[in-house]
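What follows is the content of structure.pdb, which has PDB, C-alpha atoms:
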ATOM      1  CA  MET A   1     -35.118   5.986 -15.404
ATOM      2  CA  SER A   2     -34.499   7.981 -18.609
ATOM      3  CA  LYS A   3     -32.081   6.898 -21.306
ATOM      4  CA  THR A   4     -29.960   9.968 -20.572
ATOM      5  CA  LYS A   5     -29.520   8.945 -16.941
ATOM      6  CA  GLU A   6     -28.815   5.345 -17.926
ATOM      7  CA  LYS A   7     -25.785   6.515 -19.896
ATOM      8  CA  ILE A   8     -24.239   8.455 -17.010
ATOM      9  CA  LYS A   9     -21.102   6.838 -15.572
ATOM     10  CA  LYS A  10     -20.358   8.076 -12.078
ATOM     11  CA  ILE A  11     -16.951   8.210 -10.416
ATOM     12  CA  GLY A  12     -17.300   8.150  -6.630
ATOM     13  CA  ILE A  13     -14.666   9.450  -4.207
ATOM     14  CA  LEU A  14     -14.671   7.732  -0.808
ATOM     15  CA  HIS A  15     -12.483   9.729   1.566
ATOM     16  CA  ARG A  16     -11.781  11.042   5.032
ATOM     17  CA  GLU A  17     -10.710  14.558   6.058
ATOM     18  CA  GLU A  18      -7.434  14.882   4.130
ATOM     19  CA  GLY A  19      -7.078  18.431   2.869
ATOM     20  CA  PRO A  20      -8.127  19.806  -0.524
ATOM     21  CA  MET A  21      -7.408  16.714  -2.645
ATOM     22  CA  PRO A  22     -10.883  15.049  -2.827
ATOM     23  CA  ASP A  23     -12.714  18.253  -3.816
ATOM     24  CA  ARG A  24      -9.973  19.201  -6.256
ATOM     25  CA  LEU A  25      -9.982  15.738  -7.852
ATOM     26  CA  ILE A  26     -13.753  15.863  -8.354
ATOM     27  CA  GLU A  27     -13.412  19.354  -9.821
ATOM     28  CA  GLU A  28     -10.676  18.288 -12.264
ATOM     29  CA  ILE A  29     -12.570  15.195 -13.443
ATOM     30  CA  ASN A  30     -15.731  17.219 -14.059
ATOM     31  CA  LYS A  31     -13.779  20.018 -15.779
ATOM     32  CA  LYS A  32     -12.808  17.567 -18.519
ATOM     33  CA  GLU A  33     -16.487  17.538 -19.511
ATOM     34  CA  ILE A  34     -16.357  13.990 -20.863
ATOM     35  CA  GLU A  35     -19.862  13.234 -22.104
ATOM     36  CA  GLY A  36     -21.674  10.788 -19.881
ATOM     37  CA  ILE A  37     -19.126  10.927 -17.015
ATOM     38  CA  THR A  38     -19.431  12.771 -13.721
ATOM     39  CA  ALA A  39     -17.573  12.632 -10.391
ATOM     40  CA  GLU A  40     -18.894  13.173  -6.869
ATOM     41  CA  LYS A  41     -18.355  12.262  -3.232
ATOM     42  CA  CYS A  42     -19.890   8.906  -2.326
ATOM     43  CA  LYS A  43     -22.971   9.106  -0.123
ATOM     44  CA  ILE A  44     -23.959   5.802   1.511
ATOM     45  CA  SER A  45     -26.721   4.789   3.884
ATOM     46  CA  GLU A  46     -27.762   1.168   4.374
ATOM     47  CA  ILE A  47     -26.599  -1.582   1.998
ATOM     48  CA  HIS A  48     -29.113  -4.023   0.598
ATOM     49  CA  LEU A  49     -27.958  -7.567  -0.150
ATOM     50  CA  ALA A  50     -26.333  -7.842  -3.609
ATOM     51  CA  GLU A  51     -27.719  -4.448  -4.631
ATOM     52  CA  PRO A  52     -26.264  -2.802  -7.757
ATOM     53  CA  CYS A  53     -23.784   0.026  -7.295
ATOM     54  CA  GLU A  54     -24.536   3.440  -8.784
ATOM     55  CA  TYR A  55     -20.834   4.066  -9.461
ATOM     56  CA  THR A  56     -18.742   2.812 -12.370
ATOM     57  CA  VAL A  57     -15.500   3.615 -10.528
ATOM     58  CA  ILE A  58     -14.855   4.244  -6.822
ATOM     59  CA  ILE A  59     -11.590   5.746  -5.591
ATOM     60  CA  ASP A  60     -11.415   4.351  -2.075
ATOM     61  CA  ARG A  61      -9.382   6.268   0.494
ATOM     62  CA  ALA A  62     -11.503   5.514   3.553
ATOM     63  CA  SER A  63     -12.706   1.900   3.839
ATOM     64  CA  HIS A  64      -9.542   0.833   5.701
ATOM     65  CA  CYS A  65     -10.836   2.950   8.617
ATOM     66  CA  LEU A  66     -14.513   1.932   8.651
ATOM     67  CA  PRO A  67     -15.557  -1.740   8.399
ATOM     68  CA  PHE A  68     -18.992  -0.671   7.082
ATOM     69  CA  LEU A  69     -17.333   1.026   4.115
ATOM     70  CA  ARG A  70     -15.218  -2.063   3.491
ATOM     71  CA  GLU A  71     -18.409  -4.108   3.121
ATOM     72  CA  TYR A  72     -19.801  -1.417   0.831
ATOM     73  CA  VAL A  73     -16.860  -1.485  -1.608
ATOM     74  CA  LYS A  74     -16.760  -5.287  -1.659
ATOM     75  CA  ASN A  75     -20.421  -5.325  -2.628
ATOM     76  CA  ALA A  76     -19.724  -2.588  -5.204
ATOM     77  CA  LEU A  77     -16.965  -4.674  -6.777
ATOM     78  CA  LEU A  78     -19.245  -7.703  -7.019
ATOM     79  CA  SER A  79     -21.839  -5.595  -8.811
ATOM     80  CA  GLY A  80     -19.300  -4.598 -11.482
ATOM     81  CA  CYS A  81     -17.908  -1.332 -10.097
ATOM     82  CA  TYR A  82     -14.136  -0.963 -10.431
ATOM     83  CA  VAL A  83     -12.722  -0.092  -6.995
ATOM     84  CA  ILE A  84      -9.341   1.589  -6.501
ATOM     85  CA  ASN A  85      -7.805  -0.210  -4.623
ATOM     86  CA  ASN A  86      -9.222  -3.722  -4.947
ATOM     87  CA  PRO A  87     -10.931  -4.284  -1.551
ATOM     88  CA  TYR A  88      -9.821  -7.922  -1.580
ATOM     89  CA  ARG A  89      -6.205  -6.714  -1.692
ATOM     90  CA  PHE A  90      -6.513  -3.818   0.764
ATOM     91  CA  GLU A  91      -5.020  -5.520   3.825
ATOM     92  CA  PRO A  92      -1.518  -4.139   4.420
ATOM     93  CA  ASP A  93      -0.124  -7.679   4.445
ATOM     94  CA  LYS A  94       3.540  -6.746   4.375
ATOM     95  CA  PHE A  95       5.105 -10.191   4.769
ATOM     96  CA  PHE A  96       3.059 -11.739   1.968
ATOM     97  CA  ASP A  97       3.888  -8.805  -0.300
ATOM     98  CA  TYR A  98       7.583  -9.185   0.574
ATOM     99  CA  THR A  99       7.302 -12.847  -0.392
ATOM    100  CA  VAL A 100       5.780 -11.954  -3.764
ATOM    101  CA  ALA A 101       8.558  -9.412  -4.331
ATOM    102  CA  LYS A 102      11.219 -11.960  -3.395
ATOM    103  CA  ARG A 103       9.792 -14.470  -5.884
ATOM    104  CA  THR A 104      10.023 -11.873  -8.643
ATOM    105  CA  GLY A 105      13.725 -11.352  -7.897
ATOM    106  CA  ILE A 106      13.461  -7.883  -6.347
ATOM    107  CA  ASN A 107      16.176  -6.860  -3.877
ATOM    108  CA  LEU A 108      14.832  -6.844  -0.332
ATOM    109  CA  PRO A 109      16.264  -6.475   3.170
ATOM    110  CA  LYS A 110      16.645  -9.753   5.074
ATOM    111  CA  THR A 111      13.239 -10.367   6.633
ATOM    112  CA  VAL A 112      11.760 -12.755   9.227
ATOM    113  CA  LEU A 113       8.156 -13.110  10.427
ATOM    114  CA  LEU A 114       7.780 -13.600  14.199
ATOM    115  CA  PRO A 115       4.818 -15.068  16.096
ATOM    116  CA  SER A 116       3.062 -12.533  18.314
ATOM    117  CA  LYS A 117       4.253 -12.119  21.867
ATOM    118  CA  THR A 118       0.704 -12.360  23.305
ATOM    119  CA  TYR A 119      -2.775 -13.061  21.930
ATOM    120  CA  ARG A 120      -5.703 -10.702  21.729
ATOM    121  CA  VAL A 121      -8.532 -11.380  24.168
ATOM    122  CA  ASP A 122     -11.727 -10.849  22.198
ATOM    123  CA  PRO A 123     -15.105 -11.640  23.798
ATOM    124  CA  CYS A 124     -16.487 -12.561  20.369
ATOM    125  CA  TYR A 125     -14.006 -15.437  20.032
ATOM    126  CA  ARG A 126     -12.944 -18.393  22.100
ATOM    127  CA  HIS A 127     -10.094 -17.588  24.458
ATOM    128  CA  ILE A 128      -6.688 -18.815  23.245
ATOM    129  CA  GLU A 129      -5.452 -21.676  25.399
ATOM    130  CA  GLN A 130      -1.914 -23.041  25.646
ATOM    131  CA  GLU A 131      -2.857 -26.168  23.686
ATOM    132  CA  ASP A 132      -3.931 -23.959  20.771
ATOM    133  CA  LEU A 133      -0.270 -23.034  20.331
ATOM    134  CA  MET A 134       1.059 -26.563  19.924
ATOM    135  CA  ASN A 135       2.158 -25.917  16.320
ATOM    136  CA  LEU A 136       4.406 -23.064  17.381
ATOM    137  CA  SER A 137       8.000 -23.795  18.296
ATOM    138  CA  TYR A 138       9.001 -22.008  21.499
ATOM    139  CA  PRO A 139      11.213 -20.494  22.670
ATOM    140  CA  LEU A 140      12.278 -18.573  19.562
ATOM    141  CA  ASN A 141      15.859 -19.177  18.447
ATOM    142  CA  TRP A 142      16.938 -15.579  18.867
ATOM    143  CA  ASP A 143      20.616 -16.348  18.200
ATOM    144  CA  LYS A 144      19.770 -17.792  14.793
ATOM    145  CA  ILE A 145      17.332 -14.982  13.982
ATOM    146  CA  THR A 146      19.656 -12.147  14.939
ATOM    147  CA  SER A 147      22.679 -13.769  13.266
ATOM    148  CA  TYR A 148      20.699 -13.766  10.025
ATOM    149  CA  ILE A 149      19.175 -10.272  10.285
ATOM    150  CA  GLY A 150      22.002  -8.450  12.072
ATOM    151  CA  PHE A 151      21.891  -5.058  13.763
ATOM    152  CA  PRO A 152      20.656  -2.393  13.424
ATOM    153  CA  ALA A 153      17.254  -3.822  12.538
ATOM    154  CA  VAL A 154      13.629  -2.746  12.202
ATOM    155  CA  LEU A 155      10.774  -4.373  14.128
ATOM    156  CA  LYS A 156       7.346  -3.586  12.683
ATOM    157  CA  PRO A 157       3.838  -5.090  12.455
ATOM    158  CA  ALA A 158       3.087  -7.401   9.547
ATOM    159  CA  LEU A 159      -0.308  -5.687   9.223
ATOM    160  CA  GLY A 160       0.823  -2.160   9.942
ATOM    161  CA  VAL A 161       0.507   1.198   8.208
ATOM    162  CA  GLY A 162       1.999   4.634   8.678
ATOM    163  CA  TRP A 163       5.053   3.515  10.674
ATOM    164  CA  LYS A 164       2.833   2.724  13.675
ATOM    165  CA  HIS A 165       4.483   0.459  16.289
ATOM    166  CA  LEU A 166       7.726   0.524  14.266
ATOM    167  CA  THR A 167      10.949   0.410  16.292
ATOM    168  CA  MET A 168      14.592   0.701  15.268
ATOM    169  CA  VAL A 169      16.689  -1.639  17.416
ATOM    170  CA  LYS A 170      20.462  -1.399  17.730
ATOM    171  CA  ASN A 171      21.141  -4.514  19.778
ATOM    172  CA  PHE A 172      19.641  -7.667  21.266
ATOM    173  CA  GLN A 173      18.426  -5.980  24.457
ATOM    174  CA  GLU A 174      16.526  -3.325  22.511
ATOM    175  CA  LEU A 175      15.021  -6.009  20.253
ATOM    176  CA  ILE A 176      13.670  -8.086  23.147
ATOM    177  CA  ALA A 177      12.281  -5.007  24.889
ATOM    178  CA  ALA A 178      10.508  -3.911  21.689
ATOM    179  CA  TYR A 179       9.217  -7.425  21.011
ATOM    180  CA  ASP A 180       7.871  -7.693  24.566
ATOM    181  CA  ARG A 181       5.965  -4.435  23.999
ATOM    182  CA  SER A 182       4.481  -5.593  20.695
ATOM    183  CA  GLY A 183       1.636  -7.476  22.376
ATOM    184  CA  HIS A 184      -0.762  -9.288  20.037
ATOM    185  CA  HIS A 185       0.732  -7.846  16.832
ATOM    186  CA  VAL A 186       2.389 -10.313  14.458
ATOM    187  CA  MET A 187       5.778  -8.711  13.894
ATOM    188  CA  ILE A 188       8.362  -8.546  11.147
ATOM    189  CA  LEU A 189      12.052  -8.241  11.964
ATOM    190  CA  GLN A 190      13.947  -6.736   9.070
ATOM    191  CA  GLU A 191      17.497  -5.753   8.248
ATOM    192  CA  LYS A 192      18.018  -1.993   8.425
ATOM    193  CA  ILE A 193      19.417  -0.831   5.091
ATOM    194  CA  GLU A 194      21.943   1.936   5.790
ATOM    195  CA  TYR A 195      20.981   3.844   2.666
ATOM    196  CA  GLN A 196      22.644   6.789   0.970
ATOM    197  CA  HIS A 197      19.429   7.759  -0.824
ATOM    198  CA  PHE A 198      15.738   7.149  -0.123
ATOM    199  CA  VAL A 199      12.910   7.240  -2.672
ATOM    200  CA  ARG A 200       9.120   7.221  -2.272
ATOM    201  CA  THR A 201       7.558   6.229  -5.578
ATOM    202  CA  PHE A 202       3.955   7.098  -6.409
ATOM    203  CA  VAL A 203       2.393   4.457  -8.686
ATOM    204  CA  LEU A 204      -1.087   5.148 -10.103
ATOM    205  CA  GLY A 205      -3.050   2.864 -12.407
ATOM    206  CA  LYS A 206      -0.126   0.439 -12.504
ATOM    207  CA  LYS A 207       1.551   2.656 -15.124
ATOM    208  CA  TYR A 208       2.012   6.279 -13.998
ATOM    209  CA  VAL A 209       5.111   6.521 -11.791
ATOM    210  CA  CYS A 210       6.759   9.398  -9.944
ATOM    211  CA  PRO A 211       9.906   8.637  -7.873
ATOM    212  CA  VAL A 212      10.332  11.314  -5.200
ATOM    213  CA  LYS A 213      13.400  12.031  -3.105
ATOM    214  CA  TYR A 214      12.404  11.615   0.525
ATOM    215  CA  ILE A 215      14.031  12.134   3.932
ATOM    216  CA  PRO A 216      12.411   9.580   6.298
ATOM    217  CA  GLU A 217      13.847  11.117   9.466
ATOM    218  CA  LYS A 218      12.034  14.381   8.715
ATOM    219  CA  ARG A 219       9.121  12.853   6.753
ATOM    220  CA  GLU A 220      10.024  15.384   4.092
ATOM    221  CA  TYR A 221       9.484  15.274   0.318
ATOM    222  CA  ILE A 222      12.217  16.987  -1.694
ATOM    223  CA  CYS A 223      11.316  18.502  -5.061
ATOM    224  CA  ASP A 224      14.348  17.368  -7.083
ATOM    225  CA  HIS A 225      13.832  16.061 -10.636
ATOM    226  CA  LYS A 226      17.395  14.828 -11.144
ATOM    227  CA  HIS A 227      17.994  12.915  -7.913
ATOM    228  CA  LEU A 228      18.340   9.472  -9.548
ATOM    229  CA  ALA A 229      20.987   8.118 -11.908
ATOM    230  CA  ARG A 230      19.433   7.028 -15.214
ATOM    231  CA  ASP A 231      19.896   3.269 -14.738
ATOM    232  CA  ILE A 232      18.643   3.216 -11.139
ATOM    233  CA  GLY A 233      15.722   5.479 -12.030
ATOM    234  CA  LYS A 234      14.700   3.169 -14.877
ATOM    235  CA  TYR A 235      14.917   0.129 -12.606
ATOM    236  CA  ILE A 236      12.835   1.777  -9.862
ATOM    237  CA  VAL A 237      10.138   2.874 -12.322
ATOM    238  CA  ASN A 238       9.881  -0.476 -14.110
ATOM    239  CA  THR A 239      10.069  -2.575 -10.954
ATOM    240  CA  SER A 240       7.520  -0.442  -9.099
ATOM    241  CA  ILE A 241       5.082  -0.982 -11.973
ATOM    242  CA  LYS A 242       5.778  -4.714 -12.023
ATOM    243  CA  LEU A 243       5.236  -4.959  -8.276
ATOM    244  CA  CYS A 244       1.922  -3.064  -8.319
ATOM    245  CA  LYS A 245       0.676  -5.168 -11.247
ATOM    246  CA  ALA A 246       1.516  -8.379  -9.400
ATOM    247  CA  LEU A 247      -0.156  -7.200  -6.200
ATOM    248  CA  ASP A 248      -3.111  -5.563  -8.004
ATOM    249  CA  TYR A 249      -2.583  -2.096  -6.546
ATOM    250  CA  ASP A 250      -3.882   0.880  -8.577
ATOM    251  CA  MET A 251      -2.894   3.512  -6.005
ATOM    252  CA  ASN A 252       0.260   2.913  -4.013
ATOM    253  CA  ILE A 253       3.682   4.079  -2.889
ATOM    254  CA  VAL A 254       6.771   1.885  -3.234
ATOM    255  CA  GLU A 255       9.649   2.849  -0.948
ATOM    256  CA  TRP A 256      13.237   2.246  -2.040
ATOM    257  CA  ALA A 257      16.413   2.485   0.038
ATOM    258  CA  ILE A 258      19.508   2.810  -2.147
ATOM    259  CA  LYS A 259      22.773   1.522  -0.717
ATOM    260  CA  ASP A 260      26.039   1.358  -2.691
ATOM    261  CA  GLY A 261      24.123   1.883  -5.924
ATOM    262  CA  ILE A 262      21.657  -0.958  -5.283
ATOM    263  CA  PRO A 263      17.950  -0.180  -4.671
ATOM    264  CA  TYR A 264      16.151  -2.272  -2.038
ATOM    265  CA  ALA A 265      12.356  -2.305  -1.863
ATOM    266  CA  ILE A 266      11.581  -1.831   1.823
ATOM    267  CA  ASP A 267       7.844  -1.128   1.824
ATOM    268  CA  PHE A 268       5.077  -1.190  -0.780
ATOM    269  CA  THR A 269       1.743  -1.261   1.017
ATOM    270  CA  ASP A 270       0.932   2.447   1.275
ATOM    271  CA  LEU A 271      -2.456   2.034  -0.397
ATOM    272  CA  VAL A 272      -3.797   5.457   0.592
ATOM    273  CA  PRO A 273      -0.811   7.635  -0.262
ATOM    274  CA  ASP A 274      -0.593  11.040   1.352
ATOM    275  CA  ALA A 275      -1.959  13.546  -1.176
ATOM    276  CA  ASN A 276      -1.961  16.712   0.895
ATOM    277  CA  PRO A 277       0.022  19.544  -0.747
ATOM    278  CA  GLN A 278       1.287  20.681   2.655
ATOM    279  CA  SER A 279       3.278  17.472   3.000
ATOM    280  CA  ILE A 280       3.991  16.183  -0.519
ATOM    281  CA  THR A 281       4.725  19.684  -1.940
ATOM    282  CA  HIS A 282       2.628  21.564  -4.470
ATOM    283  CA  PHE A 283       4.475  20.015  -7.447
ATOM    284  CA  TYR A 284       3.792  16.398  -6.479
ATOM    285  CA  TYR A 285       0.264  17.277  -5.420
ATOM    286  CA  GLU A 286      -0.412  18.562  -8.940
ATOM    287  CA  TRP A 287       1.161  15.402 -10.379
ATOM    288  CA  PHE A 288      -1.113  13.258  -8.211
ATOM    289  CA  ILE A 289      -4.256  15.181  -9.214
ATOM    290  CA  GLU A 290      -3.372  15.076 -12.912
ATOM    291  CA  HIS A 291      -2.658  11.355 -13.045
ATOM    292  CA  MET A 292      -5.427  10.273 -10.689
ATOM    293  CA  THR A 293      -7.807  12.203 -12.950
ATOM    294  CA  LYS A 294      -6.443  10.342 -15.970
ATOM    295  CA  ILE A 295      -6.867   6.970 -14.300
ATOM    296  CA  ALA A 296     -10.396   7.700 -13.093
ATOM    297  CA  LEU A 297     -11.506   8.756 -16.572
ATOM    298  CA  GLU A 298      -9.717   5.889 -18.322
ATOM    299  CA  TYR A 299     -11.358   3.363 -16.017
ATOM    300  CA  ALA A 300     -14.780   5.003 -16.380
ATOM    301  CA  LEU A 301     -14.549   4.993 -20.194
ATOM    302  CA  HIS A 302     -13.048   1.510 -20.502
ATOM    303  CA  THR A 303     -13.794  -0.200 -17.207
ATOM    304  CA  PRO A 304     -11.385  -3.054 -16.403
ATOM    305  CA  LYS A 305     -12.940  -6.290 -15.272
ATOM    306  CA  SER A 306     -13.020  -6.411 -11.492
ATOM    307  CA  ARG A 307     -11.260  -9.407 -10.033
ATOM    308  CA  CYS A 308     -10.539 -11.156  -6.784
ATOM    309  CA  TRP A 309      -6.847 -11.200  -7.540
ATOM    310  CA  PRO A 310      -5.851 -14.088  -9.830
ATOM    311  CA  SER A 311      -2.754 -12.157 -10.944
ATOM    312  CA  ILE A 312      -0.482 -13.951  -8.478
ATOM    313  CA  ASN A 313      -0.835 -17.287 -10.284
ATOM    314  CA  ASN A 314       1.867 -16.591 -12.865
ATOM    315  CA  LEU A 315       4.356 -15.675 -10.121
ATOM    316  CA  ILE A 316       4.263 -19.004  -8.299
ATOM    317  CA  GLY A 317       7.648 -20.620  -8.715
ATOM    318  CA  GLN A 318       8.887 -17.858 -11.017
ATOM    319  CA  THR A 319      12.018 -15.803 -10.472
ATOM    320  CA  VAL A 320      13.683 -13.087 -12.512
ATOM    321  CA  GLU A 321      17.155 -11.602 -12.607
ATOM    322  CA  LYS A 322      18.076  -9.273  -9.752
ATOM    323  CA  TYR A 323      19.328  -5.734 -10.162
ATOM    324  CA  SER A 324      23.015  -5.431  -9.394
TER
END

Let me see the structure of the file written as structure tokens.
Amino acid sequence: MSKTKEKIKKIGILHREEGPMPDRLIEEINKKEIEGITAEKCKISEIHLAEPCEYTVIIDRASHCLPFLREYVKNALLSGCYVINNPYRFEPDKFFDYTVAKRTGINLPKTVLLPSKTYRVDPCYRHIEQEDLMNLSYPLNWDKITSYIGFPAVLKPALGVGWKHLTMVKNFQELIAAYDRSGHHVMILQEKIEYQHFVRTFVLGKKYVCPVKYIPEKREYICDHKHLARDIGKYIVNTSIKLCKALDYDMNIVEWAIKDGIPYAIDFTDLVPDANPQSITHFYYEWFIEHMTKIALEYALHTPKSRCWPSINNLIGQTVEKYS
């Protein structure tokens, strides 16, 4: 290999079919003409054990769909490639992330984790027998649970994305019916915040933040640059950064429901944020391209040390003042 090729740092984009964003991002990175840096779509065949990765940075928007790609990016990380997002933190583990947020003093809806209604039958694993459940306390104390959470409430999977299997329940009968339908999913029951304002906050590189007015009922982004009061806007920006640093997310959306002037973090595991201009509007699409380009080039020029997520250590037992 020539010395010229040895100096090339490659940024790889791992993606699915998602509109013009991947091609446009590659184009914008290459248009900067930074010496020794180039961007391209990842092309992968077989993976050899502990083989080096040809990329300095990978922007991963696909491995959550294909287990083979998940193994690829884990191997890439171990070889020194910086992967966005960290493949060891890519599980949408909502309840754990809520727990981290709670320990940092962030306002959250009341939240309870429920054992699954049934258990998956998988021929690769031993069948679950009744005696395997001896550590679980049944029946669930629904009176205690619902007295704490109240109604209306939200029932959703602890490992869910994209609002799949999410149900709004207005009363006990609706809750039980939804829980009975949930099958093998481990579910979260959460207080429904009756918000006056809803914000989806793009956070890239743990420092670039864009809070967007959003209408959940219509799944609609509203291009409004003055939709937040100064103090609430500052809190949302700073807290979204703090949350993504703690959870080691370089590409994420933090959702905030604002009720009576108080912002509540209701979801922050959207690790492959929608970046299609047809849905997020042309303005926010351009913002995403601009700042994702910045992050990719920054990380290629000064590559952070890859890690298997030690950043939680300083949060254990620590609390901070709540917003009020």

Close residues, segment 44-53 of chain A itself excluded, 7 Å, all atoms listed in the file, min 6 positions apart in chain, as a PyMOL selection string: chain A and resi 72+75-76+79+81

Nearest candidate to Cys244 of chain A (options A:Ala153, A:Val203, A:Leu14, A:Ile262; using only C-alpha atoms): A:Val203

Test item: residues at most 7 Å from Ala257 of chain A, only C-alpha atoms, excluding those fewer than 3 positions along its chain, as number ranges by chain: A: 193, 195, 197-199, 263-266

Option closest in space to Leu243 of chain A, from A:Lys192, A:Lys206, A:Arg61, A:His185 [counting all atoms listed in the file]: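 Closest candidate: A:Lys206.
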
Atom CA of Tyr235 of chain A to atom CA of Lys207 of chain A, distance in Å rounded to a single decimal: 13.8 Å

Distance query His291 of chain A at most 12 Å, only C-alpha atoms, self and fewer than 2 positions along chain excluded, as JSON, numbers by chain: {"A": [25, 28, 29, 202, 203, 204, 205, 206, 207, 208, 209, 210, 250, 251, 284, 285, 286, 287, 288, 289, 293, 294, 295, 296, 297, 298]}

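Between atom CA of Val169 of chain A and atom CA of Gly150 of chain A there is a distance of 10.2 Å.
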
Given only C-alpha atoms as the counted atoms, nearest of A:Asp231, A:Asp224, A:Asp260, A:Asp248 to Thr281 of chain A: A:Asp224

10 Å contact set for Pro157 of chain A, only C-alpha atoms, chain neighbours under 6 positions out, as a PyMOL selection string: chain A and resi 92-95+113-114+116+163-167+182+184-189

Straight-line distance linking atom CA of Glu255 of chain A with atom CA of Thr201 of chain A, stated in Å to one decimal: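 Atom-to-atom, atom CA of Glu255 of chain A and atom CA of Thr201 of chain A are spaced 6.1 Å apart.
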
Reference answer for the PyMOL selection byres ((chain A and resi 20) around 10), as a list in words: Glu17, Glu18, Gly19, Met21, Pro22, Asp23, Arg24, Leu25, Ala275, Asn276, Pro277 and Gln278 of chain A

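Nearest to Ile84 of chain A of all the residues A:Arg103, A:Lys9, A:Arg230, A:His15 is A:His15, counting only C-alpha atoms.
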
Answer key for the PyMOL selection byres ((chain A and resi 220) around 12), residues as an MDAnalysis selection string: chainID A and resid 198:200 212:219 221:223 274 277:281

Ground truth for the PyMOL selection byres ((chain A and resi 86) around 9), written as a ChimeraX atom specification: /A:60,73-74,77,82-85,87-90,248-250,306-309

Distance criterion (all atoms listed in the file): nearest to Glu91 of chain A out of A:Ile34, A:Ala158, A:Val57, A:Ile13: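 So, comparing all the options, the nearest one is A:Ala158.
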
Non-local contacts of segment 35-42 of chain A (6 Å; all atoms listed in the file; under 3 positions in same chain excluded) as a CSV table (one decimal) with C-alpha atoms, in the coordinates of the input:
chain,number,residue,atom,x,y,z
A,7,LYS,CA,-25.8,6.5,-19.9
A,8,ILE,CA,-24.2,8.5,-17.0
A,9,LYS,CA,-21.1,6.8,-15.6
A,10,LYS,CA,-20.4,8.1,-12.1
A,11,ILE,CA,-17.0,8.2,-10.4
A,12,GLY,CA,-17.3,8.2,-6.6
A,13,ILE,CA,-14.7,9.4,-4.2
A,14,LEU,CA,-14.7,7.7,-0.8
A,26,ILE,CA,-13.8,15.9,-8.4
A,30,ASN,CA,-15.7,17.2,-14.1

Could you rebuild segment 225-235 of chain A with N, CA, C and O atoms and give me the result as a short mmCIF file (atom, residue, chain, number, x, y, z; two decimals), in the frame of the given file?
data_model
loop_
_atom_site.label_atom_id
_atom_site.label_comp_id
_atom_site.auth_asym_id
_atom_site.auth_seq_id
_atom_site.Cartn_x
_atom_site.Cartn_y
_atom_site.Cartn_z
N HIS A 225 14.17 16.89 -9.48
CA HIS A 225 13.83 16.06 -10.64
C HIS A 225 15.04 15.33 -11.23
O HIS A 225 14.90 14.62 -12.22
N LYS A 226 16.20 15.50 -10.62
CA LYS A 226 17.40 14.83 -11.14
C LYS A 226 18.12 14.07 -10.03
O LYS A 226 19.34 13.97 -10.03
N HIS A 227 17.36 13.53 -9.09
CA HIS A 227 17.99 12.92 -7.91
C HIS A 227 18.40 11.47 -8.14
O HIS A 227 19.08 10.88 -7.30
N LEU A 228 18.01 10.87 -9.28
CA LEU A 228 18.34 9.47 -9.55
C LEU A 228 19.20 9.33 -10.80
O LEU A 228 18.92 9.99 -11.82
N ALA A 229 20.23 8.48 -10.71
CA ALA A 229 20.99 8.12 -11.91
C ALA A 229 20.06 7.42 -12.88
O ALA A 229 19.08 6.78 -12.49
N ARG A 230 20.34 7.52 -14.18
CA ARG A 230 19.43 7.03 -15.21
C ARG A 230 19.10 5.55 -15.05
O ARG A 230 17.95 5.14 -15.12
N ASP A 231 20.14 4.71 -14.80
CA ASP A 231 19.90 3.27 -14.74
C ASP A 231 19.08 2.89 -13.50
O ASP A 231 18.16 2.06 -13.58
N ILE A 232 19.40 3.51 -12.36
CA ILE A 232 18.64 3.22 -11.14
C ILE A 232 17.21 3.73 -11.26
O ILE A 232 16.25 3.06 -10.85
N GLY A 233 17.06 4.93 -11.83
CA GLY A 233 15.72 5.48 -12.03
C GLY A 233 14.86 4.58 -12.90
O GLY A 233 13.69 4.33 -12.60
N LYS A 234 15.44 4.07 -13.98
CA LYS A 234 14.70 3.17 -14.88
C LYS A 234 14.30 1.90 -14.15
O LYS A 234 13.17 1.40 -14.28
N TYR A 235 15.22 1.35 -13.35
CA TYR A 235 14.92 0.13 -12.61
C TYR A 235 13.79 0.37 -11.60
O TYR A 235 12.85 -0.44 -11.49
#
